[in-house]
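Report on the structure given below.
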Amino acid sequence: MTKKKRSASSSRWLQEHFADPFVQQAQKLGLRSRAAFKLEQIQQQDKVFKPGMTVVDLGSAPGSWSQYSTGVVGEKGTVIACDILPMDPINGVHFLQGDFREEAVLNALLSRIDGKNVDVVLSDMAPNMSGNDTTDQARSMYLIELALDMCNNVLKQNGSFVVKVFQGDGFEQFVKDVRAAFTTVKIRKPDSSRARSRETYIVATGFKI
Ligand SMILES: C[S@@+](CC[C@H](N)C(=O)[O-])C[C@H]1O[C@@H](n2cnc3c(N)ncnc32)[C@H](O)[C@@H]1O
């Protein structure tokens with residue numbers, strides 16, 4: 001069988017990926033992805049996690065945000081994670097595999113959470129990109145709106161929400177909706193987030209209920 005030749009763009013991506021200092025550092029530290037450094041920087045700036053907290057991690061695979069959060073909340077804390085893809089087990093993390101857009105998956109997650117008992121909702125969810133900007137943006141906005149609904153279902157008063165949002169249609173309205181629900185809202189672009197990526201992170205604290 002002849003090997004399929006890599007496209008120029010995928011070869012470039014691979015070269016960039018392996019030369020990336022955050023990728024190298026993540027491998028050295030046994031982290032599942034470089035995304036951990038984004039959350040670490042958010043924690044340094046905004047102090048969203050404390051030991052003993054309960055965290056929900058939406059779009060958790062391969063697991064570096066779950067690894068990072070369970071490390072900070074410690075044995076007395078809880079991390080409940082969900083992804084459409086499988087995720088290898090992490091000590092202290094309760095993982096549910098399923099599509100968060102499905103009501104049955106939402107209900108299964110809610111059944112693992114004891115009412116409005118969550119301190120932090122994380123969402124790093126991103127849809128599979130089709131290459132059509134309009135479709136991709138709409139799919140991504142839908143996921144983050146569901147994540148904001150999750151906050152309304154499970155967050156304690158003064159809880160926090162960290163969510164990846166792509167700049168584009170719907171961004172400004174989403175920021176407004178988050179501002180209505182939280183007392184403080186910051187828009188962050190961590191150093192480890194690639195400059196050319198439209199991704200930003202909204203860090204919202206002080207959930208109003
Ligand atoms: C950028 S990755 C998350 C990386 C993760 N935060 C980490 O640190 O390892 C985005 C994830 O969102 C997940 N995702 C996308 N759509 C989803 C959905 N409808 N339900 C659950 N997970 C979803 C993808 O499967 C993917 O694993």
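In the structure tokens, the first chain shown is A, the next is B, and so on; residue numbers restart at 1 for each chain, and ligands run from 1 in the order shown.
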
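The binding environment of ligand 1, defined as every protein, DNA or RNA residue with an atom no more than 7 Å away and counting only C-alpha atoms and all ligand atoms, comprises Arg32, Ser33, Ala35, Ala36, Leu58, Gly59, Ser60, Ala61, Pro62, Gly63, Ser64, Trp65, Ser66, Cys82, Asp83, Ile84, Leu85, Gly98, Asp99, Phe100, Arg101, Asp124, Met125, Ala126, Pro127, Asn128 and Leu143 of chain A.
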
What's the 12 Å shell around A:Gly77, counting only C-alpha atoms, without same-chain residues fewer than 5 positions away, as a PyMOL selection string?
-> chain A and resi 49-56+66+69-72+91-94+117-120

Deliver the residues from the most recent selection as a file, using N, CA, C and O atoms, as a PDB file, in the first residue's frame.
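Result file follows (out24.pdb):
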```pdb
ATOM      1  N   PHE A  49      -9.658  28.727  41.309  1.00  0.00           N
ATOM      2  CA  PHE A  49      -9.721  27.459  42.054  1.00  0.00           C
ATOM      3  C   PHE A  49      -9.152  27.606  43.454  1.00  0.00           C
ATOM      4  O   PHE A  49      -8.146  28.319  43.647  1.00  0.00           O
ATOM      5  N   LYS A  50      -9.759  26.831  44.380  1.00  0.00           N
ATOM      6  CA  LYS A  50      -9.200  26.696  45.734  1.00  0.00           C
ATOM      7  C   LYS A  50      -9.344  25.233  46.133  1.00  0.00           C
ATOM      8  O   LYS A  50     -10.259  24.547  45.632  1.00  0.00           O
ATOM      9  N   PRO A  51      -8.498  24.767  47.056  1.00  0.00           N
ATOM     10  CA  PRO A  51      -8.647  23.387  47.513  1.00  0.00           C
ATOM     11  C   PRO A  51     -10.072  23.126  48.024  1.00  0.00           C
ATOM     12  O   PRO A  51     -10.688  24.003  48.620  1.00  0.00           O
ATOM     13  N   GLY A  52     -10.568  21.913  47.744  1.00  0.00           N
ATOM     14  CA  GLY A  52     -11.879  21.504  48.250  1.00  0.00           C
ATOM     15  C   GLY A  52     -13.037  21.855  47.317  1.00  0.00           C
ATOM     16  O   GLY A  52     -14.175  21.464  47.580  1.00  0.00           O
ATOM     17  N   MET A  53     -12.760  22.556  46.241  1.00  0.00           N
ATOM     18  CA  MET A  53     -13.859  22.989  45.354  1.00  0.00           C
ATOM     19  C   MET A  53     -14.397  21.853  44.472  1.00  0.00           C
ATOM     20  O   MET A  53     -13.714  20.857  44.234  1.00  0.00           O
ATOM     21  N   THR A  54     -15.613  22.068  43.970  1.00  0.00           N
ATOM     22  CA  THR A  54     -16.218  21.161  42.978  1.00  0.00           C
ATOM     23  C   THR A  54     -16.174  21.856  41.613  1.00  0.00           C
ATOM     24  O   THR A  54     -16.606  23.002  41.484  1.00  0.00           O
ATOM     25  N   VAL A  55     -15.649  21.126  40.626  1.00  0.00           N
ATOM     26  CA  VAL A  55     -15.419  21.696  39.296  1.00  0.00           C
ATOM     27  C   VAL A  55     -16.100  20.824  38.244  1.00  0.00           C
ATOM     28  O   VAL A  55     -16.040  19.592  38.323  1.00  0.00           O
ATOM     29  N   VAL A  56     -16.741  21.454  37.262  1.00  0.00           N
ATOM     30  CA  VAL A  56     -17.266  20.723  36.098  1.00  0.00           C
ATOM     31  C   VAL A  56     -16.430  21.140  34.893  1.00  0.00           C
ATOM     32  O   VAL A  56     -16.244  22.333  34.639  1.00  0.00           O
ATOM     33  N   SER A  66      -8.558  18.845  33.348  1.00  0.00           N
ATOM     34  CA  SER A  66      -8.982  18.009  34.478  1.00  0.00           C
ATOM     35  C   SER A  66      -7.780  17.685  35.357  1.00  0.00           C
ATOM     36  O   SER A  66      -7.866  17.739  36.586  1.00  0.00           O
ATOM     37  N   SER A  69      -6.970  20.895  37.283  1.00  0.00           N
ATOM     38  CA  SER A  69      -7.959  21.257  38.318  1.00  0.00           C
ATOM     39  C   SER A  69      -7.913  20.288  39.480  1.00  0.00           C
ATOM     40  O   SER A  69      -7.998  20.718  40.633  1.00  0.00           O
ATOM     41  N   THR A  70      -7.794  18.992  39.205  1.00  0.00           N
ATOM     42  CA  THR A  70      -7.798  18.044  40.325  1.00  0.00           C
ATOM     43  C   THR A  70      -6.554  18.256  41.188  1.00  0.00           C
ATOM     44  O   THR A  70      -6.597  18.117  42.412  1.00  0.00           O
ATOM     45  N   GLY A  71      -5.461  18.669  40.545  1.00  0.00           N
ATOM     46  CA  GLY A  71      -4.239  18.980  41.308  1.00  0.00           C
ATOM     47  C   GLY A  71      -4.469  20.148  42.257  1.00  0.00           C
ATOM     48  O   GLY A  71      -3.950  20.162  43.370  1.00  0.00           O
ATOM     49  N   VAL A  72      -5.253  21.138  41.845  1.00  0.00           N
ATOM     50  CA  VAL A  72      -5.465  22.307  42.711  1.00  0.00           C
ATOM     51  C   VAL A  72      -6.558  22.042  43.749  1.00  0.00           C
ATOM     52  O   VAL A  72      -6.411  22.402  44.920  1.00  0.00           O
ATOM     53  N   ASN A  91      -6.959  10.086  38.310  1.00  0.00           N
ATOM     54  CA  ASN A  91      -7.332   9.958  39.722  1.00  0.00           C
ATOM     55  C   ASN A  91      -8.080  11.181  40.195  1.00  0.00           C
ATOM     56  O   ASN A  91      -7.621  12.302  39.982  1.00  0.00           O
ATOM     57  N   GLY A  92      -9.241  10.974  40.813  1.00  0.00           N
ATOM     58  CA  GLY A  92      -9.989  12.099  41.376  1.00  0.00           C
ATOM     59  C   GLY A  92     -10.921  12.763  40.370  1.00  0.00           C
ATOM     60  O   GLY A  92     -11.612  13.717  40.726  1.00  0.00           O
ATOM     61  N   VAL A  93     -10.951  12.281  39.128  1.00  0.00           N
ATOM     62  CA  VAL A  93     -11.827  12.893  38.113  1.00  0.00           C
ATOM     63  C   VAL A  93     -12.921  11.883  37.720  1.00  0.00           C
ATOM     64  O   VAL A  93     -12.627  10.746  37.363  1.00  0.00           O
ATOM     65  N   HIS A  94     -14.184  12.331  37.802  1.00  0.00           N
ATOM     66  CA  HIS A  94     -15.316  11.476  37.417  1.00  0.00           C
ATOM     67  C   HIS A  94     -15.672  11.842  35.987  1.00  0.00           C
ATOM     68  O   HIS A  94     -16.111  12.962  35.737  1.00  0.00           O
ATOM     69  N   ASN A 117     -24.208  23.139  43.543  1.00  0.00           N
ATOM     70  CA  ASN A 117     -23.131  22.820  44.451  1.00  0.00           C
ATOM     71  C   ASN A 117     -21.760  23.011  43.812  1.00  0.00           C
ATOM     72  O   ASN A 117     -20.748  22.655  44.386  1.00  0.00           O
ATOM     73  N   VAL A 118     -21.758  23.563  42.603  1.00  0.00           N
ATOM     74  CA  VAL A 118     -20.504  23.623  41.842  1.00  0.00           C
ATOM     75  C   VAL A 118     -19.856  25.001  42.011  1.00  0.00           C
ATOM     76  O   VAL A 118     -20.529  26.025  41.977  1.00  0.00           O
ATOM     77  N   ASP A 119     -18.537  25.003  42.221  1.00  0.00           N
ATOM     78  CA  ASP A 119     -17.800  26.263  42.394  1.00  0.00           C
ATOM     79  C   ASP A 119     -17.320  26.822  41.062  1.00  0.00           C
ATOM     80  O   ASP A 119     -17.221  28.038  40.898  1.00  0.00           O
ATOM     81  N   VAL A 120     -16.934  25.920  40.127  1.00  0.00           N
ATOM     82  CA  VAL A 120     -16.369  26.388  38.858  1.00  0.00           C
ATOM     83  C   VAL A 120     -16.900  25.526  37.704  1.00  0.00           C
ATOM     84  O   VAL A 120     -16.827  24.294  37.770  1.00  0.00           O
TER      85      VAL A 120
END
```

Contacts of A:Gln25 within 10 Å, only C-alpha atoms, excl. fewer than 6 positions in-chain, as an NGL selection string | :A and (31 or 33-34 or 37)

All helix (DSSP H, G or I) positions in stretch 52-156 of chain A, as a PyMOL selection string | chain A and resi 64-73+103-111+133-154

For A:Thr183: contacts at 7 Å, only C-alpha atoms, fewer than 2 positions along chain excluded, given as a list in words | Arg179, Val185, Thr205, Gly206, Phe207 and Lys208 of chain A

Kindly save the residues from that selection, with N, CA and C atoms included, as a tab-separated table (two decimals), in the first residue's frame.
```
chain	number	residue	atom	x	y	z
A	179	ARG	N	-21.95	38.90	31.33
A	179	ARG	CA	-21.88	40.05	32.25
A	179	ARG	C	-23.16	40.16	33.09
A	185	VAL	N	-16.16	40.14	34.84
A	185	VAL	CA	-15.92	39.37	33.61
A	185	VAL	C	-14.65	39.90	32.94
A	205	THR	N	-16.41	35.70	37.25
A	205	THR	CA	-16.45	35.32	38.67
A	205	THR	C	-17.61	36.07	39.34
A	206	GLY	N	-18.04	35.53	40.48
A	206	GLY	CA	-19.13	36.20	41.23
A	206	GLY	C	-20.48	35.91	40.60
A	207	PHE	N	-20.81	34.62	40.46
A	207	PHE	CA	-22.11	34.25	39.87
A	207	PHE	C	-23.23	34.82	40.76
A	208	LYS	N	-24.22	35.46	40.09
A	208	LYS	CA	-25.24	36.19	40.87
A	208	LYS	C	-26.44	35.35	41.29
```

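Nearest residue to A:Leu122 among A:Asn152, A:Ser160, A:Ser11, A:Gln97 is A:Ser160, counting only C-alpha atoms.
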
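Closest approach to A:Asp191 from the set A:Gln41, A:Ser140, A:Asn153, A:Gln173 is made by A:Gln41, with distances taken over only C-alpha atoms.
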
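Proximity of A:Ala180, A:Ala26, A:Leu106, A:Val162 to A:Met150, computed with only C-alpha atoms, is greatest for A:Leu106.
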
Residue neighbourhood stretch 199-202 of chain A, 6 Å, only C-alpha atoms, exclusion window fewer than 4 positions, as number ranges by chain = A: 162-166, 186-189

When DSSP works through the backbone of this structure, what residues of stretch 3-209 of chain A end up as strand (DSSP E), shown as a PyMOL selection string?
-> chain A and resi 54-58+78-83+93-97+118-123+155-166+182-188+199-207

Take the residues from that selection and put them in a file with C-alpha atoms, as a short mmCIF file (atom, residue, chain, number, x, y, z; two decimals), in the first residue's frame.
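Contents of again20.cif, freshly written:
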```cif
data_model
loop_
_atom_site.label_atom_id
_atom_site.label_comp_id
_atom_site.auth_asym_id
_atom_site.auth_seq_id
_atom_site.Cartn_x
_atom_site.Cartn_y
_atom_site.Cartn_z
CA THR A 54 -16.22 21.16 42.98
CA VAL A 55 -15.42 21.70 39.30
CA VAL A 56 -17.27 20.72 36.10
CA ASP A 57 -15.00 20.40 33.04
CA LEU A 58 -16.91 20.41 29.72
CA THR A 78 -14.24 16.96 43.06
CA VAL A 79 -13.84 17.22 39.30
CA ILE A 80 -16.65 16.03 37.04
CA ALA A 81 -15.62 15.92 33.39
CA CYS A 82 -17.48 15.31 30.13
CA ASP A 83 -16.40 14.83 26.54
CA VAL A 93 -11.83 12.89 38.11
CA HIS A 94 -15.32 11.48 37.42
CA PHE A 95 -15.61 11.25 33.65
CA LEU A 96 -18.77 10.93 31.58
CA GLN A 97 -18.42 10.23 27.88
CA VAL A 118 -20.50 23.62 41.84
CA ASP A 119 -17.80 26.26 42.39
CA VAL A 120 -16.37 26.39 38.86
CA VAL A 121 -17.72 25.49 35.41
CA LEU A 122 -15.03 25.14 32.75
CA SER A 123 -15.73 24.84 29.05
CA LEU A 155 -23.24 27.06 40.01
CA LYS A 156 -23.25 28.23 43.62
CA GLN A 157 -23.63 31.93 44.37
CA ASN A 158 -20.25 33.60 43.64
CA GLY A 159 -19.16 30.63 41.51
CA SER A 160 -16.91 31.03 38.44
CA PHE A 161 -17.08 30.24 34.73
CA VAL A 162 -14.10 29.86 32.40
CA VAL A 163 -15.08 29.42 28.77
CA LYS A 164 -13.28 29.35 25.45
CA VAL A 165 -14.98 31.65 22.96
CA PHE A 166 -14.02 32.28 19.34
CA PHE A 182 -21.59 37.43 36.89
CA THR A 183 -20.22 40.43 38.79
CA THR A 184 -16.74 40.39 37.18
CA VAL A 185 -15.92 39.37 33.61
CA LYS A 186 -12.43 39.38 32.06
CA ILE A 187 -11.44 38.46 28.54
CA ARG A 188 -8.11 36.66 28.54
CA GLU A 199 -9.86 31.80 20.60
CA THR A 200 -10.11 33.86 23.76
CA TYR A 201 -11.14 32.86 27.27
CA ILE A 202 -13.87 34.57 29.22
CA VAL A 203 -13.19 34.36 32.94
CA ALA A 204 -16.33 35.24 34.88
CA THR A 205 -16.45 35.32 38.67
CA GLY A 206 -19.13 36.20 41.23
CA PHE A 207 -22.11 34.25 39.87
#
```

How far is it from atom CA of A:Met87 to atom CA of A:Ala108, in Å with one decimal?
-> 17.0 Å

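What separates atom CA of A:Asn132 from atom CA of A:Gly170 is a distance of 15.9 Å.
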
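Atom CA of A:Tyr142 is found 18.3 Å from atom CA of A:Leu109.
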
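Using only C-alpha atoms, the shortest contact distance between A:Glu16 and any of A:Ser111, A:Thr135, A:Arg194, A:Ile90 is found at A:Arg194.
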